[in-house]
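Enquirer: Structure supplied as final03.tsv; contents: TSV, C-alpha atoms.
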```tsv
chain	number	residue	atom	x	y	z
Z	1	MET	CA	137.97	83.09	101.38
Z	2	PHE	CA	136.19	79.77	101.11
Z	3	HIS	CA	132.72	79.81	102.67
Z	4	PRO	CA	131.26	76.55	103.95
Z	5	THR	CA	127.85	75.53	102.62
Z	6	ILE	CA	125.19	77.53	104.41
Z	7	TRP	CA	122.55	75.29	105.92
Z	8	CYS	CA	119.22	76.84	105.14
Z	9	ASP	CA	116.83	74.35	106.64
Z	10	SER	CA	114.39	75.63	109.22
Z	11	ASP	CA	114.78	72.66	111.56
Z	12	ASP	CA	117.14	74.40	113.91
Z	13	TYR	CA	118.10	72.36	116.95
Z	14	ARG	CA	119.00	75.56	118.77
Z	15	ALA	CA	115.62	76.46	120.19
Z	16	ASP	CA	116.62	79.99	121.11
Z	17	VAL	CA	117.56	80.99	117.58
Z	18	GLU	CA	114.80	82.70	115.63
Z	19	VAL	CA	113.59	81.11	112.42
Z	20	VAL	CA	115.65	81.72	109.32
Z	21	ASP	CA	113.76	82.23	106.09
Z	22	PRO	CA	115.17	79.56	103.75
Z	23	LYS	CA	114.59	81.67	100.65
Z	24	LYS	CA	116.68	84.60	101.89
Z	25	CYS	CA	119.31	82.17	103.12
Z	26	LEU	CA	119.48	80.37	99.75
Z	27	GLU	CA	119.62	83.69	97.89
Z	28	GLU	CA	122.69	84.60	99.95
Z	29	SER	CA	124.31	81.26	99.21
Z	30	CYS	CA	123.62	81.66	95.50
Z	31	LYS	CA	125.33	85.04	95.35
Z	32	PRO	CA	128.79	83.56	94.54
Z	33	LYS	CA	127.32	81.82	91.48
Z	34	CYS	CA	125.94	85.10	90.19
Z	35	VAL	CA	128.91	87.36	90.77
Z	36	LYS	CA	129.14	88.48	87.14
Z	37	PRO	CA	125.65	90.00	86.86
Z	38	LEU	CA	126.04	91.38	90.39
Z	39	LEU	CA	129.18	93.25	89.41
Z	40	GLU	CA	127.43	94.51	86.26
Z	41	TYR	CA	124.63	95.81	88.45
Z	42	GLN	CA	127.00	97.49	90.87
Z	43	ALA	CA	128.84	99.13	87.97
Z	44	CYS	CA	125.50	100.40	86.69
Z	45	VAL	CA	124.61	101.77	90.13
Z	46	LYS	CA	127.84	103.77	90.10
Z	47	ARG	CA	127.02	105.18	86.66
Z	48	VAL	CA	123.48	106.09	87.68
Z	49	GLN	CA	124.50	107.70	90.97
Z	50	GLY	CA	125.84	110.75	89.23
Z	51	ASP	CA	122.82	111.09	86.96
Z	52	GLU	CA	120.71	114.21	87.32
Z	53	SER	CA	118.17	113.60	84.52
Z	54	GLY	CA	116.25	110.92	86.44
Z	55	HIS	CA	115.86	108.79	83.32
Z	56	LYS	CA	118.70	106.38	83.94
Z	57	HIS	CA	118.03	103.21	85.84
Z	58	CYS	CA	119.50	99.76	86.33
Z	59	THR	CA	116.42	97.56	85.82
Z	60	GLY	CA	118.15	95.48	83.13
Z	61	GLN	CA	121.16	94.57	85.22
Z	62	TYR	CA	118.94	94.09	88.28
Z	63	PHE	CA	116.74	91.65	86.35
Z	64	ASP	CA	119.78	89.77	85.02
Z	65	TYR	CA	121.14	89.35	88.53
Z	66	TRP	CA	117.88	88.25	90.11
Z	67	GLN	CA	117.09	85.92	87.22
Z	68	CYS	CA	120.43	84.20	87.85
Z	69	VAL	CA	119.72	83.95	91.60
Z	70	ASP	CA	116.19	82.69	91.01
Z	71	LYS	CA	117.42	79.99	88.65
Z	72	CYS	CA	119.86	78.87	91.33
Z	73	VAL	CA	117.39	79.01	94.24
Z	74	GLY	CA	114.36	77.56	92.43
Z	75	PRO	CA	115.21	73.85	92.40
Z	76	LYS	CA	116.62	73.93	95.94
Z	77	LEU	CA	114.05	75.94	97.88
Z	78	PHE	CA	111.26	73.46	98.37
Z	79	ALA	CA	113.63	70.86	99.81
Z	80	GLU	CA	114.09	73.24	102.74
Z	81	LEU	CA	110.36	73.60	103.37
Z	82	LYS	CA	107.96	71.27	105.04
Z	83	TRP	CA	106.04	69.10	102.58
O	1	MET	CA	93.51	85.87	38.95
O	2	TRP	CA	96.57	88.09	38.71
O	3	THR	CA	94.75	90.92	40.48
O	4	LEU	CA	94.15	88.50	43.35
O	5	VAL	CA	97.83	87.58	43.50
O	6	LEU	CA	98.73	91.27	43.43
O	7	LEU	CA	96.27	92.04	46.25
O	8	VAL	CA	97.64	89.24	48.39
O	9	ALA	CA	101.20	90.42	47.74
O	10	PHE	CA	100.34	93.97	48.80
O	11	ALA	CA	98.57	92.71	51.92
O	12	LEU	CA	101.61	90.67	52.92
O	13	LEU	CA	103.90	93.61	52.28
O	14	GLY	CA	101.67	95.81	54.40
O	15	ALA	CA	101.70	93.27	57.20
O	16	GLY	CA	105.46	93.01	56.97
O	17	VAL	CA	105.93	96.78	57.19
O	18	THR	CA	103.57	97.00	60.18
O	19	GLY	CA	105.53	94.23	61.83
O	20	LEU	CA	108.80	96.07	61.30
O	21	LEU	CA	107.27	99.29	62.60
O	22	SER	CA	106.06	97.57	65.76
O	23	PHE	CA	109.63	96.39	66.42
O	24	SER	CA	110.82	99.97	66.69
O	25	THR	CA	108.34	100.75	69.47
O	26	VAL	CA	109.08	97.48	71.34
O	27	ALA	CA	112.76	98.36	71.53
O	28	SER	CA	112.03	101.36	73.70
O	29	ALA	CA	109.62	99.52	76.03
O	30	ASP	CA	110.99	98.68	79.45
O	31	GLU	CA	111.51	95.06	80.39
O	32	ALA	CA	109.89	95.95	83.70
O	33	GLU	CA	106.68	96.19	81.69
O	34	HIS	CA	106.39	92.42	81.60
O	35	GLY	CA	107.86	91.86	85.02
O	36	LEU	CA	110.78	89.65	85.90
O	37	ALA	CA	110.18	86.10	84.67
O	38	CYS	CA	109.53	83.85	87.62
O	39	PRO	CA	111.46	80.59	88.06
O	40	ASP	CA	109.74	77.20	88.00
O	41	TYR	CA	109.50	75.74	91.47
O	42	PRO	CA	109.16	71.97	91.96
O	43	TRP	CA	105.61	71.85	93.30
O	44	PRO	CA	104.83	68.52	94.95
O	45	HIS	CA	101.58	68.24	93.00
O	46	ASP	CA	103.20	68.78	89.59
O	47	GLY	CA	103.78	65.15	88.65
O	48	ILE	CA	101.56	63.23	86.26
O	49	LEU	CA	100.15	61.16	89.11
O	50	SER	CA	100.90	63.49	92.02
O	51	SER	CA	98.20	64.64	94.41
O	52	TYR	CA	98.01	67.82	96.45
O	53	ASP	CA	99.79	68.08	99.78
O	54	HIS	CA	96.65	68.39	101.87
O	55	ALA	CA	98.49	69.39	105.03
O	56	SER	CA	99.89	72.26	102.99
O	57	ILE	CA	96.40	73.19	101.76
O	58	ARG	CA	95.21	73.30	105.38
O	59	ARG	CA	98.08	75.56	106.42
O	60	GLY	CA	97.57	77.65	103.31
O	61	HIS	CA	93.94	78.21	104.17
O	62	GLN	CA	95.02	79.37	107.61
O	63	VAL	CA	97.41	81.86	105.99
O	64	TYR	CA	94.66	83.05	103.65
O	65	GLN	CA	92.23	83.50	106.50
O	66	GLN	CA	94.62	85.39	108.75
O	67	VAL	CA	96.66	87.39	106.23
O	68	CYS	CA	94.80	87.74	102.95
O	69	ALA	CA	91.08	87.54	103.69
O	70	SER	CA	90.92	91.09	105.01
O	71	CYS	CA	91.34	92.36	101.44
O	72	HIS	CA	90.89	89.45	99.03
O	73	SER	CA	87.63	87.62	98.52
O	74	MET	CA	87.36	84.00	97.43
O	75	SER	CA	83.73	84.10	96.50
O	76	LEU	CA	83.64	80.86	94.51
O	77	ILE	CA	84.69	78.64	97.43
O	78	SER	CA	82.17	77.37	99.98
O	79	TYR	CA	82.93	75.97	103.42
O	80	ARG	CA	81.69	72.58	102.30
O	81	ASP	CA	84.40	72.47	99.61
O	82	LEU	CA	86.99	72.35	102.39
O	83	VAL	CA	85.50	69.20	103.93
O	84	GLY	CA	87.66	66.17	103.19
O	85	VAL	CA	90.32	68.38	101.63
O	86	ALA	CA	91.68	70.46	104.49
O	87	TYR	CA	89.23	70.09	107.37
O	88	THR	CA	86.81	67.58	108.84
O	89	GLU	CA	83.11	68.28	108.61
O	90	GLU	CA	82.96	69.35	112.27
O	91	GLU	CA	85.91	71.70	111.87
O	92	ALA	CA	84.44	73.25	108.73
O	93	LYS	CA	81.03	73.66	110.40
O	94	ALA	CA	82.68	75.37	113.36
O	95	MET	CA	84.61	77.69	111.04
O	96	ALA	CA	81.47	78.55	109.10
O	97	ALA	CA	79.55	79.25	112.30
O	98	GLU	CA	82.05	81.97	113.20
O	99	ILE	CA	80.83	84.26	110.43
O	100	GLU	CA	77.59	86.18	110.16
O	101	VAL	CA	75.62	85.81	106.94
O	102	VAL	CA	72.74	87.95	105.69
O	103	ASP	CA	69.91	85.67	104.67
O	104	GLY	CA	66.81	86.01	102.50
O	105	PRO	CA	63.53	87.62	103.56
O	106	ASN	CA	61.82	85.88	106.45
O	107	ASP	CA	58.04	85.48	106.81
O	108	GLU	CA	57.82	89.14	107.82
O	109	GLY	CA	59.71	90.19	104.65
O	110	GLU	CA	62.83	91.29	106.51
O	111	MET	CA	66.43	90.32	105.87
O	112	PHE	CA	68.12	88.80	108.91
O	113	THR	CA	71.59	87.67	109.91
O	114	ARG	CA	72.44	84.17	110.99
O	115	PRO	CA	75.65	82.22	111.73
O	116	GLY	CA	77.25	80.63	108.67
O	117	LYS	CA	76.58	77.11	107.41
O	118	LEU	CA	78.64	74.72	105.29
O	119	SER	CA	76.77	75.77	102.18
O	120	ASP	CA	77.78	79.42	102.54
O	121	ARG	CA	80.54	80.94	100.46
O	122	LEU	CA	83.70	82.27	102.08
O	123	PRO	CA	82.99	85.80	103.39
O	124	GLN	CA	83.76	88.83	101.27
O	125	PRO	CA	85.84	91.61	102.84
O	126	TYR	CA	84.11	94.39	100.84
O	127	ALA	CA	80.53	94.85	99.72
O	128	ASN	CA	81.52	95.54	96.11
O	129	GLU	CA	84.44	96.46	93.85
O	130	SER	CA	84.02	100.19	94.44
O	131	ALA	CA	84.26	99.74	98.19
O	132	ALA	CA	87.36	97.58	97.69
O	133	ARG	CA	89.00	100.20	95.48
O	134	PHE	CA	88.13	103.00	97.86
O	135	ALA	CA	89.70	101.16	100.77
O	136	ASN	CA	92.87	100.34	98.82
O	137	GLY	CA	93.85	103.56	97.13
O	138	GLY	CA	92.04	102.84	93.88
O	139	ALA	CA	93.46	99.35	93.45
O	140	TYR	CA	91.15	96.35	93.46
O	141	PRO	CA	92.48	93.30	95.36
O	142	PRO	CA	91.42	90.56	92.94
O	143	ASP	CA	89.31	87.61	93.94
O	144	LEU	CA	91.64	84.68	94.51
O	145	SER	CA	89.35	81.75	93.67
O	146	LEU	CA	90.96	81.24	90.25
O	147	ILE	CA	94.09	83.34	90.52
O	148	THR	CA	96.57	80.56	89.77
O	149	LYS	CA	94.73	79.89	86.51
O	150	ALA	CA	94.16	83.57	85.79
O	151	ARG	CA	97.82	84.50	85.61
O	152	HIS	CA	100.44	83.15	83.24
O	153	ASN	CA	102.45	80.44	85.03
O	154	GLY	CA	100.10	81.18	87.95
O	155	GLN	CA	101.51	79.05	90.76
O	156	ASN	CA	105.10	80.11	90.25
O	157	TYR	CA	104.07	83.70	89.59
O	158	VAL	CA	102.05	84.05	92.79
O	159	PHE	CA	104.77	82.45	94.90
O	160	ALA	CA	107.49	84.61	93.34
O	161	LEU	CA	105.32	87.71	93.80
O	162	LEU	CA	104.52	87.07	97.45
O	163	THR	CA	108.12	86.29	98.39
O	164	GLY	CA	109.76	88.69	95.95
O	165	TYR	CA	109.40	92.08	97.57
O	166	ARG	CA	112.80	93.73	97.30
O	167	ASP	CA	114.41	97.15	97.20
O	168	PRO	CA	114.01	98.71	93.75
O	169	PRO	CA	117.02	98.95	91.42
O	170	ALA	CA	119.04	102.17	91.33
O	171	GLY	CA	117.25	104.89	89.44
O	172	ILE	CA	113.76	103.54	90.04
O	173	SER	CA	111.57	105.35	92.49
O	174	ILE	CA	108.10	104.18	93.41
O	175	ARG	CA	105.48	106.73	94.36
O	176	GLU	CA	103.94	106.88	97.78
O	177	GLY	CA	101.24	104.23	98.21
O	178	LEU	CA	102.82	101.68	95.88
O	179	HIS	CA	105.55	99.13	96.52
O	180	TYR	CA	108.27	97.70	94.34
O	181	ASN	CA	107.97	94.10	93.20
O	182	PRO	CA	110.04	93.02	90.17
O	183	TYR	CA	107.64	90.20	89.26
O	184	PHE	CA	104.64	92.50	88.99
O	185	PRO	CA	104.21	93.90	85.46
O	186	GLY	CA	105.42	97.48	85.66
O	187	GLY	CA	107.13	96.90	88.99
O	188	ALA	CA	104.84	99.01	91.16
O	189	ILE	CA	102.21	97.03	93.06
O	190	ALA	CA	99.60	98.42	95.44
O	191	MET	CA	99.79	95.47	97.84
O	192	PRO	CA	102.46	95.78	100.52
O	193	LYS	CA	104.59	92.82	101.59
O	194	MET	CA	102.18	90.68	103.57
O	195	LEU	CA	104.19	87.54	104.29
O	196	ASN	CA	106.65	88.13	107.09
O	197	ASP	CA	108.36	85.49	109.16
O	198	GLU	CA	106.10	84.13	111.89
O	199	ALA	CA	103.13	86.29	110.89
O	200	VAL	CA	101.04	83.19	111.41
O	201	GLU	CA	101.34	80.50	114.06
O	202	TYR	CA	100.67	77.19	112.38
O	203	GLU	CA	98.41	74.73	114.19
O	204	ASP	CA	100.71	71.84	113.35
O	205	GLY	CA	103.81	73.62	114.65
O	206	VAL	CA	105.61	73.97	111.32
O	207	PRO	CA	107.90	77.05	111.43
O	208	ALA	CA	106.08	79.80	109.60
O	209	THR	CA	108.85	81.34	107.54
O	210	GLU	CA	107.98	83.61	104.62
O	211	ALA	CA	108.82	80.90	102.07
O	212	GLN	CA	106.83	78.27	103.97
O	213	MET	CA	103.76	80.50	104.14
O	214	GLY	CA	104.15	81.36	100.46
O	215	LYS	CA	104.30	77.71	99.47
O	216	ASP	CA	101.34	76.78	101.64
O	217	VAL	CA	99.13	79.62	100.50
O	218	VAL	CA	99.91	78.89	96.84
O	219	SER	CA	99.09	75.21	97.41
O	220	PHE	CA	95.77	76.35	98.84
O	221	LEU	CA	95.15	78.69	95.91
O	222	SER	CA	96.08	75.98	93.41
O	223	TRP	CA	93.57	73.66	95.02
O	224	ALA	CA	90.93	76.40	95.04
O	225	ALA	CA	91.42	77.02	91.31
O	226	GLU	CA	91.64	73.33	90.37
O	227	PRO	CA	89.90	71.18	93.00
O	228	GLU	CA	89.29	68.49	90.40
O	229	MET	CA	92.98	68.00	89.70
O	230	GLU	CA	93.46	64.70	91.52
O	231	GLU	CA	90.40	63.11	89.98
O	232	ARG	CA	91.40	64.47	86.59
O	233	LYS	CA	94.86	62.91	86.77
O	234	LEU	CA	93.44	59.54	87.83
O	235	MET	CA	90.88	59.65	85.03
O	236	GLY	CA	93.52	60.72	82.54
O	237	PHE	CA	95.85	57.90	83.47
O	238	LYS	CA	93.04	55.33	83.39
O	239	TRP	CA	91.66	56.41	80.03
O	240	ILE	CA	95.00	56.86	78.31
O	241	PHE	CA	95.91	53.34	79.40
O	242	LEU	CA	92.59	51.83	78.28
O	243	LEU	CA	92.56	53.72	74.98
O	244	SER	CA	96.10	52.54	74.21
O	245	LEU	CA	94.92	48.97	74.67
O	246	ALA	CA	91.97	49.75	72.43
O	247	LEU	CA	94.35	51.23	69.87
O	248	LEU	CA	96.46	48.07	69.84
O	249	GLN	CA	93.34	45.97	69.45
O	250	ALA	CA	92.04	48.18	66.64
O	251	ALA	CA	95.37	48.10	64.83
O	252	TYR	CA	95.48	44.32	65.03
O	253	TYR	CA	91.89	43.97	63.84
O	254	ARG	CA	92.44	46.35	60.90
O	255	ARG	CA	95.54	44.51	59.78
O	256	LEU	CA	93.73	41.21	60.15
O	257	LYS	CA	90.87	42.29	57.89
O	258	TRP	CA	93.16	43.92	55.35
O	259	SER	CA	95.50	40.96	55.19
O	260	VAL	CA	93.18	39.33	52.64
O	261	LEU	CA	93.65	42.21	50.20
O	262	LYS	CA	97.28	42.86	51.04
O	263	SER	CA	98.29	39.27	50.40
O	264	ARG	CA	96.44	38.80	47.11
O	265	LYS	CA	98.42	38.11	43.96
O	266	LEU	CA	97.68	39.59	40.54
O	267	VAL	CA	99.12	37.76	37.57
O	268	LEU	CA	99.53	39.48	34.23
O	269	ASP	CA	99.57	36.94	31.46
O	270	VAL	CA	99.52	37.05	27.69
O	271	VAL	CA	96.75	35.34	25.82
O	272	ASN	CA	98.21	33.72	22.75
```
Before anything else, please render the file you have as structure tokens.
Expert:
Amino acid sequence: MFHPTIWCDSDDYRADVEVVDPKKCLEESCKPKCVKPLLEYQACVKRVQGDESGHKHCTGQYFDYWQCVDKCVGPKLFAELKW
Amino acid sequence: MWTLVLLVAFALLGAGVTGLLSFSTVASADEAEHGLACPDYPWPHDGILSSYDHASIRRGHQVYQQVCASCHSMSLISYRDLVGVAYTEEEAKAMAAEIEVVDGPNDEGEMFTRPGKLSDRLPQPYANESAARFANGGAYPPDLSLITKARHNGQNYVFALLTGYRDPPAGISIREGLHYNPYFPGGAIAMPKMLNDEAVEYEDGVPATEAQMGKDVVSFLSWAAEPEMEERKLMGFKWIFLLSLALLQAAYYRRLKWSVLKSRKLVLDVVN
């Protein structure tokens, strides 16, 4: 399903709508670009769920995913803020 | 001589082995140990001739005062430093007058309290480090005067940290009293998430989203750590330009003087 570009600017003409944090909004819109590491992370979560030893964790996949999102959000975020 | 060569060879071999050994321990270290690398944000004051966004510094100071100052000191900044940067003299004087300062012995030898002046430093939330640690579960909220210079990639790191509080990955549990933040080395930070949407009401009416507050407070902290930045950039530009002209002049003058020697002719002839 094609999603239209999410507008993440905080200048909302609808006065009754509460402010939207541009960073969270941009992170959502960057998710499609980072599907591969997200799926890796979700696969890891499934593997770890059954673990009893308590030593297994998904930090690596988590970092890969968030690094991808950060790289996508970084250049765009400040354009949405007041400066 | 050969004993020296042999010694050096053994030393290098020893260093090489140690290096290889250290690799084996690094492999088992968690990447969380260094924290997630923060992205580079396009700060408006990054350019070679870019100044600070002073409106942002003013808002950032407001965020610091209302959100951060209850735990973090900024003991190297005085109220007078804010004059002409974020506030007018009257505004800064009024802000200073709101705090109580303990002042030196009077004629009777007693310490007394008085309202703050421009020359006073920003107030400290705790009397000393021990008091700060005691109030924060053993963790010391660092002084923020130089924080953007005191951390690697400081500006981006602080912004990423403040806006990066997330749920931990599967399999990671953080003990009671700490919070998960992927950017913090180790992942478990004592500070809870402090920036929440509309925690502060900006004087100039800018919507105070988490990202906006993060950007403003980091602009303020960048200024606090490097107040000389604008003057430095102007000086740098001026002197690099002037010295390049001087370089051109020096090069021309050198070649001029040397041209006598470089254009001389030597003739080898045979005397019969």
Enquirer: Given the choices Z:Glu52, Z:Asp64, Z:Glu28, Z:Asp70, which gets closest to chain O if the distance is worked out from all atoms listed in the file?
Expert: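 Looking only at the distances to chain O, the closest residue turns out to be Z:Asp70.
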Enquirer: Using all atoms listed in the file, which residue out of O:Tyr202, O:Trp2, O:Phe10, O:Tyr126 lies closest to chain Z?
Expert: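 Among the listed residues, the smallest separation from chain Z belongs to O:Tyr202.
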Enquirer: What is the atom CA of O:Lys238-atom CA of O:Gly47 distance in Å, reported with one decimal?
Expert: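 Between atom CA of O:Lys238 and atom CA of O:Gly47 the gap works out to 15.5 Å.
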Enquirer: If I take atom CA of O:Gly205 and atom CA of O:Val63, how far is one from the other in Å, to one decimal?
Expert: 13.6 Å
Enquirer: State, in Å with one decimal place, the distance from atom CA of O:Met235 to atom CA of O:Ala251.
Expert: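 Going from atom CA of O:Met235 over to atom CA of O:Ala251 covers 23.7 Å.
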Enquirer: Using all atoms listed in the file and a cut-off of 10 Å, which residues of chain Z sit close to chain O? Please list them as a ChimeraX atom specification.
Expert: /Z:10-12,18-24,41-42,44-49,51,54-64,66-83
Enquirer: Any chance you could export the current selection's C-alpha atoms as an mmCIF file, in the coordinates of the input?
Expert:
```cif
data_model
loop_
_atom_site.group_PDB
_atom_site.id
_atom_site.type_symbol
_atom_site.label_atom_id
_atom_site.label_comp_id
_atom_site.auth_asym_id
_atom_site.auth_seq_id
_atom_site.Cartn_x
_atom_site.Cartn_y
_atom_site.Cartn_z
ATOM 1 C CA SER Z 10 114.390 75.630 109.220
ATOM 2 C CA ASP Z 11 114.780 72.660 111.560
ATOM 3 C CA ASP Z 12 117.140 74.400 113.910
ATOM 4 C CA GLU Z 18 114.800 82.700 115.630
ATOM 5 C CA VAL Z 19 113.590 81.110 112.420
ATOM 6 C CA VAL Z 20 115.650 81.720 109.320
ATOM 7 C CA ASP Z 21 113.760 82.230 106.090
ATOM 8 C CA PRO Z 22 115.170 79.560 103.750
ATOM 9 C CA LYS Z 23 114.590 81.670 100.650
ATOM 10 C CA LYS Z 24 116.680 84.600 101.890
ATOM 11 C CA TYR Z 41 124.630 95.810 88.450
ATOM 12 C CA GLN Z 42 127.000 97.490 90.870
ATOM 13 C CA CYS Z 44 125.500 100.400 86.690
ATOM 14 C CA VAL Z 45 124.610 101.770 90.130
ATOM 15 C CA LYS Z 46 127.840 103.770 90.100
ATOM 16 C CA ARG Z 47 127.020 105.180 86.660
ATOM 17 C CA VAL Z 48 123.480 106.090 87.680
ATOM 18 C CA GLN Z 49 124.500 107.700 90.970
ATOM 19 C CA ASP Z 51 122.820 111.090 86.960
ATOM 20 C CA GLY Z 54 116.250 110.920 86.440
ATOM 21 C CA HIS Z 55 115.860 108.790 83.320
ATOM 22 C CA LYS Z 56 118.700 106.380 83.940
ATOM 23 C CA HIS Z 57 118.030 103.210 85.840
ATOM 24 C CA CYS Z 58 119.500 99.760 86.330
ATOM 25 C CA THR Z 59 116.420 97.560 85.820
ATOM 26 C CA GLY Z 60 118.150 95.480 83.130
ATOM 27 C CA GLN Z 61 121.160 94.570 85.220
ATOM 28 C CA TYR Z 62 118.940 94.090 88.280
ATOM 29 C CA PHE Z 63 116.740 91.650 86.350
ATOM 30 C CA ASP Z 64 119.780 89.770 85.020
ATOM 31 C CA TRP Z 66 117.880 88.250 90.110
ATOM 32 C CA GLN Z 67 117.090 85.920 87.220
ATOM 33 C CA CYS Z 68 120.430 84.200 87.850
ATOM 34 C CA VAL Z 69 119.720 83.950 91.600
ATOM 35 C CA ASP Z 70 116.190 82.690 91.010
ATOM 36 C CA LYS Z 71 117.420 79.990 88.650
ATOM 37 C CA CYS Z 72 119.860 78.870 91.330
ATOM 38 C CA VAL Z 73 117.390 79.010 94.240
ATOM 39 C CA GLY Z 74 114.360 77.560 92.430
ATOM 40 C CA PRO Z 75 115.210 73.850 92.400
ATOM 41 C CA LYS Z 76 116.620 73.930 95.940
ATOM 42 C CA LEU Z 77 114.050 75.940 97.880
ATOM 43 C CA PHE Z 78 111.260 73.460 98.370
ATOM 44 C CA ALA Z 79 113.630 70.860 99.810
ATOM 45 C CA GLU Z 80 114.090 73.240 102.740
ATOM 46 C CA LEU Z 81 110.360 73.600 103.370
ATOM 47 C CA LYS Z 82 107.960 71.270 105.040
ATOM 48 C CA TRP Z 83 106.040 69.100 102.580
#
```
Enquirer: For O:Ala190, please output as number ranges by chain all residues within 12 Å (counting only C-alpha atoms; exclusion window: fewer than 6 positions along the same chain).
Expert: O: 71, 133, 135-142, 165, 174-181, 184
Enquirer: Check the smallest atom-to-atom distance from each of O:Gln65, O:Ser119, O:Thr113, O:Ser259 to O:Tyr79 using all atoms listed in the file, then report the winner.
Expert: O:Ser119
Enquirer: So which residues fall inside 10 Å of (88.8, 85.1, 95.6) if we count all atoms listed in the file? Mind giving them as JSON, numbers by chain?
Expert: {"O": [68, 69, 71, 72, 73, 74, 75, 76, 77, 122, 123, 124, 141, 142, 143, 144, 145, 146, 147, 221, 224, 225]}
Enquirer: Using C-alpha atoms, can you write the selected residues to a file as a PDB file, in the coordinates of the input?
Expert:
```
ATOM      1  CA  CYS O  68      94.800  87.740 102.950  1.00  0.00           C
ATOM      2  CA  ALA O  69      91.080  87.540 103.690  1.00  0.00           C
ATOM      3  CA  CYS O  71      91.340  92.360 101.440  1.00  0.00           C
ATOM      4  CA  HIS O  72      90.890  89.450  99.030  1.00  0.00           C
ATOM      5  CA  SER O  73      87.630  87.620  98.520  1.00  0.00           C
ATOM      6  CA  MET O  74      87.360  84.000  97.430  1.00  0.00           C
ATOM      7  CA  SER O  75      83.730  84.100  96.500  1.00  0.00           C
ATOM      8  CA  LEU O  76      83.640  80.860  94.510  1.00  0.00           C
ATOM      9  CA  ILE O  77      84.690  78.640  97.430  1.00  0.00           C
ATOM     10  CA  LEU O 122      83.700  82.270 102.080  1.00  0.00           C
ATOM     11  CA  PRO O 123      82.990  85.800 103.390  1.00  0.00           C
ATOM     12  CA  GLN O 124      83.760  88.830 101.270  1.00  0.00           C
ATOM     13  CA  PRO O 141      92.480  93.300  95.360  1.00  0.00           C
ATOM     14  CA  PRO O 142      91.420  90.560  92.940  1.00  0.00           C
ATOM     15  CA  ASP O 143      89.310  87.610  93.940  1.00  0.00           C
ATOM     16  CA  LEU O 144      91.640  84.680  94.510  1.00  0.00           C
ATOM     17  CA  SER O 145      89.350  81.750  93.670  1.00  0.00           C
ATOM     18  CA  LEU O 146      90.960  81.240  90.250  1.00  0.00           C
ATOM     19  CA  ILE O 147      94.090  83.340  90.520  1.00  0.00           C
ATOM     20  CA  LEU O 221      95.150  78.690  95.910  1.00  0.00           C
ATOM     21  CA  ALA O 224      90.930  76.400  95.040  1.00  0.00           C
ATOM     22  CA  ALA O 225      91.420  77.020  91.310  1.00  0.00           C
TER      23      ALA O 225
END
```
Enquirer: Let me know the centre plus edge lengths, in Å and rounded to one decimal, of a box with edges along x, y and z that contains all listed atoms of stretch 37-48 of chain Z and is padded by 6 Å on every side, as AutoDock Vina command-line options.
Expert:
```
--center_x 126.3 --center_y 98.0 --center_z 88.6 --size_x 17.7 --size_y 28.1 --size_z 16.6
```
